[in-house]
Structure formats: C-alpha cells, structure tokens
Amino acid sequence: MTPTPDFDFRASARRTLQLEQQALGALIPRLNGDFDQACRLLLACRGRVVVTGMGKSGHIGGKLAATLASTGTPAFFVHPGEASHGDLGMITRGDVVIALSNSGETGEVTALLPLLKRLGTPLISLTGRPASTLARHADAHLDTGVEREACPLDLAPTASTTAALAMGDALAVALLEARGFTAEEFALSHPGGSLGRRLLLKVGDLMHQGQRLPTVPLGSPLRDALLEITRQGLGFTCVVDETGHLAGVYTDGDLRRTLDQHTDLSQLKVDDVMTRPGKRIGAEVLAAEAVRVMEDNRITALAVVDNAGRPVGALHMHDLLASGVI
C-alpha cells in the first residue's frame with residue numbers, strides 16, 4: 001500500500017518516540033528487590049551468563065550478552081530452540097541464565113525450565129507479565145511490561161523490546177559499577193577500536209629507537225645537529241651529555257629562533273641554541289598521554305627516556321596519527 005502524498009512521517013515518529021519514552025519511564029518505579037537479587041546472582045556467578053530468547057526478544061538478548069561480555073561479565077547467547085536440541089550442553093551448574101520473553105509463555109523458552117531446575121542453574125527472567133510461567137519460575141524477575149506497543153496495531157514488538165533493551169543495559173551498568181570496572185579493562189575487550197588503541201598503546205609501542213633515534217653529543221657543531229634532524233626526519237634531535245643522559249633537544253622550532261637571532265651559524269654549537277632540558281616522556285606512559293603533552297606544549301615530537309633520564313626513543317605526532325590514537 002502506498003501512503004498518501006500528505007502523510008505526516010514526523011508525526012508518526014514523534015508518537016513512536018513518545019510511547020517508547022513513556023515505556024522507559026515506567027520501568028523506574030518497578031525496580032525492586034528482584035533487581036538487587038538479579039545483580040547478586042550475576043556477581044556471584046562462577047561460570048558464564050547464558051542469555052536466551054526467541055524472535056525479537058532473542059535479538060535483544062544477543063545485544064545484552066554482548067554488552068555484558070564487554071563490561072566484565074562473561075556472557076554468550078544461546079538460541080532456545082537449539083538449546084532443546086543439544087546446545088543445552090553449553091550450560092553448566094556454575095552458570096546463570098537470563099531469559100527474555102515479553103509474554104513469559106514462549107514455548108521454546110519455557111521448555112528449558114525443567115532442565116534448568118535439574119541443573120540447579122539460577123534463572124533471571126525479563127518479561128512483561130509478572131504472573132507468567134517464566135516469571136514465576138525465575139529466581140529473580142524483572143518486569144519490562146509496557147502499556148502498549150508503539151506499533152499502531154499494538155502488535156509489532158517495539159516499545160516492549162526497547163524496555164527490555166534498557167533493562168538489560170541497567171543490569172550491565174549496575175554490575176560494572178559494582179565491580180569497579182575500569183576504562184582500561186573495557187579496552188581489553190575492544191583492542192581493535194579507537195578506545196582500545198588510546199588505552200592500551202604505550203609510548204614504547206610506537207617510538208623510534210636504535211638507529212632511528214636522533215642523537216648528537218653536547219658540544220657538537222650546530223651543523224651536525226641539523227644533519228641529524230634531516231637524516232632522521234623527526235623534526236628534532238636529542239642532545240646527550242658525556243654520560244648519555246638527555247641534556248636537551250634541538251628542534252625545527254629552535255632552528256627558526258636561531259635564524260632570527262644569529263646571522264652566522266657556522267661557529268655555533270648545539271649547546272648554545274638548544275632547549276634545556278627539553279620535553280620528555282617515559283616509554284611506559286600511555287600514548288594518549290603523549291598526545292596531551294604535545295598538545296599542551298604545542299610541539300610535534302618528544303624524547304623518550306628511561307628512569308635514569310637517558311634517551312631510549314623518539315616519538316612524533318605522525319606516529320600517533322598513524323596508529324589511530326588520535
């Protein structure tokens with residue numbers, strides 16, 4: 001059927017969003033001791049959290065399992081139909097099961113109840129009917145019922161799936177807060193994402209070292225420092241004293257200042273015009289911190305030093321860009 005030319009799409013969208021907003025708001029006063037019990041069961045779980053659900057509830061369950069797994073609660077999704085045909089072997093006595101069903105009467109899900117009871121596996125249910133079979137047999141029931149679906153026919157799962165999704169998020173967030181879950185731990189589950197790169201990559205992973213480390217000794221003619229900068233292409237060179245410690249740096253910016261202040265460069269030593277002591281950073285520092293240091297000081301490169309202050313590497317802003325840290 002083709003809609004009329006004057007159909008108000010935005011009015012339909014506003015109605016849907018308002019209904020779903022109301023459905024979410026209605027969840028708050030229903031939070032009770034069962035939510036606390038569900039959190040305690042999940043925190044005490046020594047195995048895995050197994051999430052199950054059929055149809056649209058199954059899709060929400062898959063997202064819930066993924067959210068739990070990425071925030072410190074090992075979890076995976078099991079299709080209830082497959083569970084009755086062998087996949088129930090994935091569930092052990094040390095696990096906790098979360099079952100989603102708006103009606104609480106979904107046959108494929110309720111069929112698992114006797115098997116879960118025999119295993120002694122704790123069950124948390126998310127349903128829209130507290131008196132349903134699934135809710136009554138659960139160790140903790142979370143009421144995600146809605147007054148009506150956003151679908152004008154009140155048939156297609158819309159507001160109800162949004163409510164279940166939000167309740168699942170509430171569970172996951174409560175657990176990660178209770179555990180003191182950190183951004184670094186989150187990054188370990190997301191090593192390929194930008195957050196993982198920012199929180200896992202260290203300066204030592206990106207720095208130039210060995211033959212790629214630009215270095216000249218104190219007392220070197222300025223010409224030698226310029227040649228080293230050109231050879232390494234990092235826009236600066238470290239200047240080290242006789243013991244190998246970093247005495248300062250000479251940068252492209254220093255060169256511009258040198259040209260402004262001196263007409264004859266041939267007699268200059270690098271000591272005369274270098275920056276002392278020079279910005280530096282440790283190899284174990286997060287690369288994201290190196291970005292902050294560079295931005296705060298409006299520089300594009302850093303000397304990397306060990307605990308004794310000896311140069312061990314050089315880091316350029318281009319390295320941070322290439323790695324995806326920025």
# chains A, B, ... in the order shown; residues from 1 in each chain; ligands from 1
call {"tool": "residues_around", "arguments": {"residues": "A:Thr110", "least_positions_apart": "6", "cutoff": "12 Å", "atoms": "only C-alpha atoms", "output": "MDAnalysis selection string"}}
result
chainID A and resid 52:54 80:81 83:84 99:101 103:104 116:117 123 125 132:138
call {"tool": "residues_around", "arguments": {"residues": "stretch 301-303 of chain A", "least_positions_apart": "3", "cutoff": "9 Å", "atoms": "only C-alpha atoms", "output": "count of residues only"}}
result
24
call {"tool": "residues_around", "arguments": {"residues": "A:Leu17", "least_positions_apart": "5", "cutoff": "12 Å", "atoms": "only C-alpha atoms", "output": "list in words"}}
result
Arg10, Ala11, Ser12, Gln22, Ala23, Leu24, Glu149, Ala150, Cys151, Thr158, Ala159 and Thr162 of chain A
call {"tool": "write_last_selection", "arguments": {"atoms": "N, CA, C and O atoms", "output": "CSV table (one decimal), in the first residue's frame"}}
result
chain,number,residue,atom,x,y,z
A,10,ARG,N,6.8,12.7,10.3
A,10,ARG,CA,7.4,13.1,11.5
A,10,ARG,C,6.4,13.0,12.7
A,10,ARG,O,6.8,12.7,13.8
A,11,ALA,N,5.1,13.2,12.4
A,11,ALA,CA,4.1,13.0,13.5
A,11,ALA,C,4.1,11.5,13.9
A,11,ALA,O,4.0,11.2,15.1
A,12,SER,N,4.3,10.6,13.0
A,12,SER,CA,4.3,9.2,13.3
A,12,SER,C,5.6,8.9,14.2
A,12,SER,O,5.5,8.2,15.2
A,22,GLN,N,7.8,6.9,27.3
A,22,GLN,CA,6.9,6.6,28.4
A,22,GLN,C,7.1,5.2,28.9
A,22,GLN,O,7.1,4.9,30.1
A,23,ALA,N,7.4,4.2,28.0
A,23,ALA,CA,7.7,2.8,28.4
A,23,ALA,C,8.9,2.8,29.3
A,23,ALA,O,9.0,2.0,30.3
A,24,LEU,N,9.9,3.5,28.9
A,24,LEU,CA,11.2,3.5,29.7
A,24,LEU,C,11.0,4.1,31.1
A,24,LEU,O,11.5,3.6,32.1
A,149,GLU,N,2.3,-1.2,22.6
A,149,GLU,CA,3.4,-1.1,21.7
A,149,GLU,C,3.3,0.2,20.9
A,149,GLU,O,2.2,0.8,20.8
A,150,ALA,N,4.4,0.6,20.4
A,150,ALA,CA,4.4,1.8,19.5
A,150,ALA,C,3.7,1.6,18.2
A,150,ALA,O,3.2,2.5,17.6
A,151,CYS,N,3.7,0.3,17.8
A,151,CYS,CA,3.0,-0.1,16.6
A,151,CYS,C,1.5,0.3,16.7
A,151,CYS,O,0.9,-0.1,17.7
A,158,THR,N,7.9,-3.3,19.8
A,158,THR,CA,8.6,-2.0,19.6
A,158,THR,C,8.9,-1.5,21.0
A,158,THR,O,10.0,-1.5,21.4
A,159,ALA,N,7.9,-0.9,21.6
A,159,ALA,CA,8.1,-0.4,23.0
A,159,ALA,C,8.6,-1.5,23.9
A,159,ALA,O,9.4,-1.3,24.8
A,162,THR,N,12.3,-2.2,23.4
A,162,THR,CA,13.0,-1.1,23.9
A,162,THR,C,13.2,-1.2,25.4
A,162,THR,O,14.2,-0.9,26.0
call {"tool": "residues_around", "arguments": {"residues": "stretch 165-167 of chain A", "least_positions_apart": "6", "cutoff": "8 Å", "atoms": "only C-alpha atoms", "output": "list in words"}}
result
Leu24, Leu27, Ile60, Lys63, Leu64, Leu142 and Thr144 of chain A
call {"tool": "write_last_selection", "arguments": {"atoms": "C-alpha atoms", "output": "tab-separated table (two decimals), in the first residue's frame"}}
result
chain	number	residue	atom	x	y	z
A	24	LEU	CA	11.18	3.50	29.69
A	27	LEU	CA	10.40	0.89	34.36
A	60	ILE	CA	17.68	-8.07	22.37
A	63	LYS	CA	22.82	-7.50	22.44
A	64	LEU	CA	22.57	-7.95	26.22
A	142	LEU	CA	12.44	-8.03	36.05
A	144	THR	CA	9.63	-4.97	31.43
call {"tool": "select_by_dssp", "arguments": {"residues": "stretch 35-229 of chain A", "states": "alpha helix (DSSP H)", "output": "MDAnalysis selection string"}}
result
chainID A and resid 35:44 55:70 80:83 107:110 113:119 133:136 159:179 183:188 194:200 203:206 222:229
call {"tool": "closest_residue", "arguments": {"among": "A:Pro5, A:Gly107, A:Gly47, A:Gly233", "to": "A:Met90", "atoms": "only C-alpha atoms"}}
result
A:Gly47
call {"tool": "residues_around", "arguments": {"residues": "A:Thr92", "least_positions_apart": "6", "cutoff": "10 Å", "atoms": "only C-alpha atoms", "output": "list in words"}}
result
Gly47, Arg48, Val50, Leu116, Leu119, Gly120 and Thr121 of chain A
call {"tool": "write_last_selection", "arguments": {"atoms": "C-alpha atoms", "output": "mmCIF file, in the first residue's frame"}}
result
data_model
loop_
_atom_site.group_PDB
_atom_site.id
_atom_site.type_symbol
_atom_site.label_atom_id
_atom_site.label_comp_id
_atom_site.auth_asym_id
_atom_site.auth_seq_id
_atom_site.Cartn_x
_atom_site.Cartn_y
_atom_site.Cartn_z
ATOM 1 C CA GLY A 47 30.717 -19.686 35.209
ATOM 2 C CA ARG A 48 29.177 -17.754 32.333
ATOM 3 C CA VAL A 50 23.835 -17.510 29.329
ATOM 4 C CA LEU A 116 17.488 -25.596 34.284
ATOM 5 C CA LEU A 119 20.914 -28.426 36.782
ATOM 6 C CA GLY A 120 20.242 -26.017 39.627
ATOM 7 C CA THR A 121 21.116 -23.099 37.359
#
call {"tool": "atom_distance", "arguments": {"atom1": "atom CA of A:Arg148", "atom2": "atom CA of A:Glu20"}}
result
9.3 Å
call {"tool": "atom_distance", "arguments": {"atom1": "atom CA of A:His141", "atom2": "atom CA of A:Thr127"}}
result
7.5 Å
call {"tool": "select_by_dssp", "arguments": {"residues": "stretch 2-115 of chain A", "states": "strand (DSSP E)", "output": "compact mmCIF listing (two decimals) with N, CA, C and O atoms, in the first residue's frame"}}
result
# COMPACT_ATOMS: atom_id res chain seq x y z
N VAL A 49 27.38 -16.19 32.02
CA VAL A 49 25.98 -15.79 31.94
C VAL A 49 25.47 -16.20 30.57
O VAL A 49 26.04 -15.83 29.54
N VAL A 50 24.42 -17.01 30.57
CA VAL A 50 23.83 -17.51 29.33
C VAL A 50 22.52 -16.77 29.10
O VAL A 50 21.62 -16.83 29.92
N VAL A 51 22.43 -16.05 27.98
CA VAL A 51 21.23 -15.28 27.66
C VAL A 51 20.47 -16.01 26.58
O VAL A 51 21.06 -16.52 25.61
N THR A 52 19.13 -16.06 26.72
CA THR A 52 18.32 -16.75 25.73
C THR A 52 17.03 -15.99 25.50
O THR A 52 16.54 -15.26 26.37
N GLY A 53 16.47 -16.16 24.34
CA GLY A 53 15.21 -15.51 23.98
C GLY A 53 14.88 -15.85 22.54
O GLY A 53 15.76 -16.18 21.74
N ALA A 75 29.69 -13.60 29.06
CA ALA A 75 28.33 -13.98 28.68
C ALA A 75 28.29 -14.40 27.22
O ALA A 75 29.13 -13.98 26.42
N PHE A 76 27.30 -15.21 26.88
CA PHE A 76 27.06 -15.56 25.48
C PHE A 76 25.58 -15.87 25.30
O PHE A 76 24.85 -16.10 26.27
N PHE A 77 25.12 -15.85 24.05
CA PHE A 77 23.71 -16.08 23.73
C PHE A 77 23.51 -17.50 23.23
O PHE A 77 24.31 -18.01 22.44
N VAL A 96 24.64 -18.75 35.11
CA VAL A 96 23.37 -18.08 35.40
C VAL A 96 22.70 -17.83 34.07
O VAL A 96 23.34 -17.40 33.10
N VAL A 97 21.40 -18.11 33.99
CA VAL A 97 20.66 -17.92 32.75
C VAL A 97 19.77 -16.68 32.86
O VAL A 97 19.10 -16.48 33.87
N ILE A 98 19.80 -15.85 31.81
CA ILE A 98 18.86 -14.74 31.67
C ILE A 98 17.96 -15.06 30.49
O ILE A 98 18.43 -15.27 29.37
N ALA A 99 16.66 -15.13 30.74
CA ALA A 99 15.70 -15.47 29.69
C ALA A 99 14.78 -14.28 29.43
O ALA A 99 14.24 -13.69 30.37
N LEU A 100 14.61 -13.95 28.15
CA LEU A 100 13.74 -12.84 27.76
C LEU A 100 12.54 -13.36 27.00
O LEU A 100 12.67 -14.17 26.07
call {"tool": "residues_around", "arguments": {"residues": "A:Arg292", "least_positions_apart": "4", "cutoff": "12 Å", "atoms": "only C-alpha atoms", "output": "list of chain:residue names"}}
result
A:Arg198, A:Ile281, A:Val285, A:Leu286, A:Ala287, A:Ala288, A:Asp296, A:Asn297, A:Arg298, A:Ile299, A:Thr300, A:Ala301, A:Leu302, A:Met317, A:Leu320, A:Val325, A:Ile326
call {"tool": "write_last_selection", "arguments": {"atoms": "N, CA and C atoms", "output": "PDB file, in the first residue's frame"}}
result
ATOM      1  N   ARG A 198      43.676   3.927  22.367  1.00  0.00           N
ATOM      2  CA  ARG A 198      44.030   5.016  23.282  1.00  0.00           C
ATOM      3  C   ARG A 198      44.429   4.496  24.653  1.00  0.00           C
ATOM      4  N   ILE A 281      59.352  12.061  27.941  1.00  0.00           N
ATOM      5  CA  ILE A 281      58.283  11.176  28.422  1.00  0.00           C
ATOM      6  C   ILE A 281      58.852   9.780  28.571  1.00  0.00           C
ATOM      7  N   VAL A 285      54.485   5.177  29.498  1.00  0.00           N
ATOM      8  CA  VAL A 285      53.347   6.085  29.550  1.00  0.00           C
ATOM      9  C   VAL A 285      52.399   5.779  28.393  1.00  0.00           C
ATOM     10  N   LEU A 286      51.084   5.902  28.623  1.00  0.00           N
ATOM     11  CA  LEU A 286      50.116   5.675  27.560  1.00  0.00           C
ATOM     12  C   LEU A 286      50.338   6.668  26.428  1.00  0.00           C
ATOM     13  N   ALA A 287      50.177   6.186  25.199  1.00  0.00           N
ATOM     14  CA  ALA A 287      50.352   7.054  24.042  1.00  0.00           C
ATOM     15  C   ALA A 287      49.381   8.231  24.087  1.00  0.00           C
ATOM     16  N   ALA A 288      48.200   7.997  24.667  1.00  0.00           N
ATOM     17  CA  ALA A 288      47.223   9.089  24.771  1.00  0.00           C
ATOM     18  C   ALA A 288      47.758  10.222  25.641  1.00  0.00           C
ATOM     19  N   ASP A 296      49.502  20.276  24.796  1.00  0.00           N
ATOM     20  CA  ASP A 296      49.652  21.326  25.817  1.00  0.00           C
ATOM     21  C   ASP A 296      50.865  22.206  25.544  1.00  0.00           C
ATOM     22  N   ASN A 297      51.932  21.607  24.992  1.00  0.00           N
ATOM     23  CA  ASN A 297      53.179  22.352  24.769  1.00  0.00           C
ATOM     24  C   ASN A 297      53.370  22.781  23.314  1.00  0.00           C
ATOM     25  N   ARG A 298      52.371  22.474  22.481  1.00  0.00           N
ATOM     26  CA  ARG A 298      52.399  22.857  21.072  1.00  0.00           C
ATOM     27  C   ARG A 298      53.687  22.384  20.393  1.00  0.00           C
ATOM     28  N   ILE A 299      53.968  21.110  20.590  1.00  0.00           N
ATOM     29  CA  ILE A 299      55.125  20.502  19.963  1.00  0.00           C
ATOM     30  C   ILE A 299      54.666  19.267  19.196  1.00  0.00           C
ATOM     31  N   THR A 300      55.520  18.761  18.317  1.00  0.00           N
ATOM     32  CA  THR A 300      55.134  17.616  17.489  1.00  0.00           C
ATOM     33  C   THR A 300      55.990  16.379  17.741  1.00  0.00           C
ATOM     34  N   ALA A 301      56.950  16.469  18.664  1.00  0.00           N
ATOM     35  CA  ALA A 301      57.815  15.317  18.928  1.00  0.00           C
ATOM     36  C   ALA A 301      58.276  15.350  20.376  1.00  0.00           C
ATOM     37  N   LEU A 302      58.615  14.173  20.884  1.00  0.00           N
ATOM     38  CA  LEU A 302      59.063  14.031  22.273  1.00  0.00           C
ATOM     39  C   LEU A 302      60.245  13.080  22.347  1.00  0.00           C
ATOM     40  N   MET A 317      54.310  13.111  16.394  1.00  0.00           N
ATOM     41  CA  MET A 317      52.859  13.174  16.275  1.00  0.00           C
ATOM     42  C   MET A 317      52.356  12.301  15.133  1.00  0.00           C
ATOM     43  N   LEU A 320      51.514   8.846  16.242  1.00  0.00           N
ATOM     44  CA  LEU A 320      50.249   8.760  16.963  1.00  0.00           C
ATOM     45  C   LEU A 320      49.069   8.791  15.988  1.00  0.00           C
ATOM     46  N   VAL A 325      45.669   6.542  17.510  1.00  0.00           N
ATOM     47  CA  VAL A 325      45.473   7.055  18.871  1.00  0.00           C
ATOM     48  C   VAL A 325      44.761   8.396  18.819  1.00  0.00           C
ATOM     49  N   ILE A 326      45.029   9.172  17.748  1.00  0.00           N
ATOM     50  CA  ILE A 326      44.317  10.441  17.531  1.00  0.00           C
ATOM     51  C   ILE A 326      43.766  10.458  16.108  1.00  0.00           C
TER      52      ILE A 326
END
call {"tool": "atom_distance", "arguments": {"atom1": "atom CA of A:Thr71", "atom2": "atom CA of A:Leu175"}}
result
8.3 Å
call {"tool": "closest_residue", "arguments": {"among": "A:Ala163, A:Val305, A:Ala174, A:Leu153", "to": "A:Phe35", "atoms": "only C-alpha atoms"}}
result
A:Ala174
call {"tool": "residues_around", "arguments": {"residues": "A:Leu226", "least_positions_apart": "2", "cutoff": "12 Å", "atoms": "only C-alpha atoms", "output": "MDAnalysis selection string"}}
result
chainID A and resid 214:216 220:224 228:239 249:256 258 265:266 268:270 273:274
